[in-house]
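See structure below.
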Amino acid sequence: MDAPALRVVELSSPFTRFAGRLLVGLGHEVVLVEPPEGDATRRELDGAAFTHWHAGKRSVTLDPATPEGATGLRRLLEGADALLDGTADGAAPAASDLDHLVHVRVTPFGLVGPRSDWQGTDLVVAALGGMLAQVGDPDGPPLRLPENQAEHLAGVNAAIAVLLGLRALRHGPGQLVDVSAQACVAAALESGTLAYVHEDRVPPRPGRVHPLVAHGLFRAADGHLGGGLGGNPRMWDALLRWLREEGAEADLGEPRWQDPVERKNHQEHVLKVVQEFAVSWPKADFAEQAQARKLPWAAVDLPRDLPDNPQLVARGFFTHVEGRTDLGFPFAFPEGRRVTELTVPAPGEAQALLDARCEVTVTTPATREVTAPSTSASRPALDGVRVLDLTWVLAGPYCTKILADHGADVVKIESAGRPDPTRFAPSMHLSRGTHADPDTNGYFNEVNRNKRSVTLDTRSADGIAVLRELVASCDVLVENFSSTVMKKLGLGYDALREINPDIVYVSMSGMGHTGPREGWVSYADTVSASAGLTGLTGWGPDDVVGVVYGHGDLVAGLQAALATVAALEYRDATGRGQHVDLSQLEALAAHMGTILLSPSDPVGNAHPSWSPHGVYRCLGPDRWLAVSVRTEAERKALCEVIGRAELADDEPTRTAAGRRASALVDEALGAWARTMPADAAAELLQERGVPAGAVQDGRDLVEQDPQLRAQGFYVRREHPAAGAFLHEGLPIRLTRTPGGIRTHAPLLGADTDTVLREWAGIPAERLGRLRAAGVLD
C-alpha cells in the first residue's frame with residue numbers, strides 16, 4: 001500500500017505558495033483557504049499565476065475575521081496534519097491549542113526581532129538577505145534574479161519544515177515552526193558571506209564571471225553560452241586540444257598555462273581567448289561539441305526553448321493543466337512516479353471540508369502512533385537517521401548539511417587521494433591559512449559542519465567491501481556523481497537494495513540517470529543556463545548578465561533534502577525505500593515560476609504591475625535601496641515620505657497619464673534616495689508600510705543586520721585547525737525539536753575508526769590490517 005496523504009491547510013502568501021505546490025507534487029492533499037473574493041493570484045497574469053501556484057490543490061473560501069469563518073477554519077484544522085501559514089498575523093486563534101498540528105509560519109523576516117513586522121516582497125527580501133549583492137555588474141546596480149527566487153527559497157524551506165515537524169510528531173505534540181524568508185536567502189549565498197567571514201573581504205558583484213572559478217557567461221553567434229574551464233586538469237587539456245584542433249588556441253599552448261595558479265592569476269586573458277572561439281559558433285552546436293568532449297558547457301535557453309529540451313521531455317518533466325503545459329516538480333515521487341496532470345480548483349469546491357461532520361479521508365493525527373515525550377521530545381527531528389554522504393563541492397554537501405543540522409548522523413566518505421575538492425582547490429579555498437591544509441578551508445567547513453569524516457580508498461576491492469558494510473547499516477545514501485559512477489562501483493540502486501532492502505538512495509546528477517543527456521557534465525552555471533534562469537537575468541534581451549554563483553547548486557541541495565525527508569516519511573509509512581533520481585536541471589527548472597504560462601523577456605528589476613519597483617543608488621560607495629510599491633496606499637505613502645505628495649494623484653498603470661506619473665515617481669524616488677543612507681531610507685519607508693530595504697552584502701549581514709542578530713542567525717564555533725569563526729544559521733526554527741550547529745566540520749578522516757566500529761562493527765584487529773594496507777587512507 002502507498003503512504004496515506006497528509007492534509008495540509010494553506011493560508012497562502014507569495015512566500016508559502018511554492019511550499020504548497022511542492023507538497024502537491026509529493027502526493028499530499030493541500031487545502032487552499034481563499035478569501036470570499038478568491039485568491040489574488042486568480043487575477044494575476046490572466047489567471048496563469050493561480051494555475052501555476054495552486055493547480056492540484058483543493059479550495060475552500062472563508063473570512064477568518066468573521067465568527068463563521070473562524071469556526072470554519074477551526075473545523076478544517078481539526079482534521080489537518082499541518083498548517084502552512086503565510087499570513088502576517090498568523091492563525092493563532094484557530095490553531096493555538098491544537099496540539100496535534102504542525103504550524104509552519106512563513107514570513108518575510110521571521111517572528112522575532114526588530115524587523116519582524118517589516119513589509120517584504122521578493123525584491124526587498126533578496127536585497128536584505130544578500131542575494132542582490134551577488135548579481136549584476138560591479139559598476140552597475142544590483143540585479144534581481146527572475147521569477148521570484150527569494151520566494152522560492154522560502155517555499156522549499158517551508159515544505160521541508162512541514163515534513164520535519166510531522167516527523168517530530170512521533171515523539172510528542174505538534175509545534176510552531178518559524179521560517180524567515182530573509183534567513184532562507186542569507187543561508188543560500190554560496191561564498192557571499194563566507195568570503196567576509198573567512199578572508200575579511202567583500203567580493204564585488206561579479207558581472208558575467210563566477211567569483212571563485214573560471215566559469216561564466218559567453219556570447220555565441222546566436223545567443224549566449226554558460227561554461228568555462230572546468231574544474232580539473234583533464235578538462236583543461238580537453239579544452240586546449242579542442243582549441244588547437246580549430247586553430248584557436250592563441251598563446252594558450254605555452255607551458256606556463258599548464259599551471260592552474262597561472263591560469264587563475266591571468267584568468268581574464270584565458271577567458272578572452274575562449275570567448276573569441278565561442279562567438280563564431282551557434283550556441284547549441286558549441287554545447288553539443290563541448291559535451292562530446294566531457295566539457296561543462298550549455299546553451300543559454302529562454303522560456304520558449306524549455307518545452308523542446310530533449311532531456312526534460314524524455315524524463316516527463318512537464319505537467320499538463322487543463323490543456324496547458326506547465327513546469328513540473330523538482331523530482332519524481334514516490335518511487336519514480338511523476339505528477340503529470342493537474343486541475344485548477346474552482347473557488348470553494350471543497351467547502352464541505354468546513355463541515356465538522358464531513359468524513360476525513362486522510363490519516364489524521366489521531367491515528368498516528370505517538371510515543372511518550374520523555375527526553376526524546378527535544379531531540380532534533382532527524383535524530384537517529386544515518387546518512388552516508390558520498391557528495392562533494394556544493395550541491396550534495398548542502399543537502400546533507402541540512403540533514404545534519406536537523407540531527408541526522410551524516411558520515412562523509414573521502415580519501416587522501418580523492419578528498420572533497422573544496423578542501424584543496426586554490427580558487428575555492430576561503431581561508432587566511434595555507435591552501436595546502438585540507439582542514440582550514442572556510443568553504444568546506446561551512447557546508448560540512450555537523451558531519452563526520454571517514455577516509456576510504458574506494459578504488460580498492462577492500463575499500464568497496466567496507467563501503468558495502470556501511471551501506472548495510474545506513475538509512476540514506478546521497479551522492480552527486482555523474483550518472484554512471486555508482487554502477488561502475490558496483491553500487492547501482494539494485495545492488496544497494498540487495499545490501500539494504502529499504503535504503504533511501506538520493507542521486508543528484510546534473511541531468512538525472514536517464515534521458516539523452518544523462519551523461520552531460522554540469523556545473524551550477526550550466527544548469528542555470530539550461531533551466532532558463534540565466535537567459536532571464538538581465539536588463540533586456542540584448543543585455544543579459546546571467547547568474548554565475550552557485551544558485552543552481554543550492555536549489556538542488558534544498559530539493560534533495562526535501563526529497564530525503566519525504567522518502568524517509570514514505571518508508572516509515574510503507575516499509576519501502578526508493579531511489580530518488582534527482583536531476584539538478586529539473587530541480588532548478590521547477591523554481592522558474594510562471595515562465596511557460598506567461599513568458600517574458602529580461603526586465604531588470606522591474607515588475608509587471610507594481611511601480612515603483614527597483615533598486616536606487618544611495619549615499620556611500622555602492623550603497624543601494626530596494627523598493628517595491630504594490631498598492632495605491634503604499635504609493636501615496638511613498639510620495640509623502642519623499643516629499644512629493646502631489647505625484648500620488650494618478651493611477652500608475654491603467655492610463656497613459658498614470659504611466660507618466662509613475663515615471664515621475666520613480667525619478668523622484670531616485671533623486672531622494674541619492675541623498676539618503678540606504679538603511680535610513682528603508683526605515684522611513686517601512687514606518688509607513690512601504691516594502692523597502694538596503695541591499696546588503698556579506699559584511700552588512702554579519703555586522704549590521706539587527707534582525708539576523710536578534711535571531712542569533714550567525715553562530716560562532718571553534719574548529720581545531722581553522723580556529724573560531726561564524727557559521728551561517730538555520731532558516732528553519734522548530735520550537736520543540738530545534739536543529740542547530742552542534743559540531744565543527746570534520747578533520748579529514750578523523751572519525752574513520754569510530755564510525756567503522758559503530759556502523760559496521762569492524763573490530764580493532766581488522767581496522768589495523770585495513771590501515772596497514774592503505775585502505776583507510
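Just so we're on the same page: first chain in the C-alpha cells is A, next is B, and so on; residues restart at 1 for each chain, and ligands are numbered from 1 in the order they show up.
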
Residues near Tyr493 of chain A, cut-off 9 Å, only C-alpha atoms, skip fewer than 4 positions along chain, as a ChimeraX atom specification: /A:486-487,497-498,505,578-579

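Excluding Ile642 of chain A and any residue on its chain fewer than 3 positions from it, the residues at most 9 Å away by only C-alpha atoms are A:Ala637, A:Leu638, A:Cys639, A:Ala645, A:Ala668, A:Leu669, A:Trp672, A:Ala673, A:Leu685.
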
Mind dumping the selected residues with C-alpha atoms as a tab-separated table (two decimals), in the first residue's frame?
```tsv
chain	number	residue	atom	x	y	z
A	637	ALA	CA	2.78	56.85	1.46
A	638	LEU	CA	5.99	56.73	-0.55
A	639	CYS	CA	5.23	60.04	-2.26
A	645	ALA	CA	2.73	64.04	-2.31
A	668	ALA	CA	11.70	61.47	-7.72
A	669	LEU	CA	12.39	58.38	-5.61
A	672	TRP	CA	15.54	61.34	-2.89
A	673	ALA	CA	17.40	58.06	-2.31
A	685	LEU	CA	9.58	53.90	4.17
```

Sel. of strand (DSSP E or B) residues, segment 34-167 of chain A, as a PyMOL selection string: chain A and resi 34+58-61+82-85+102-107

Residue neighbourhood Asp543 of chain A, 12 Å, only C-alpha atoms, exclusion window fewer than 4 positions, as a list of chain:residue names: A:Gly136, A:Asp137, A:Gly207, A:Arg208, A:Leu217, A:Arg219, A:Gly223, A:His224, A:Thr534, A:Gly535, A:Leu536, A:Thr537, A:Gly538, A:Trp539, A:Asp601, A:Pro602, A:Val603, A:Gly604
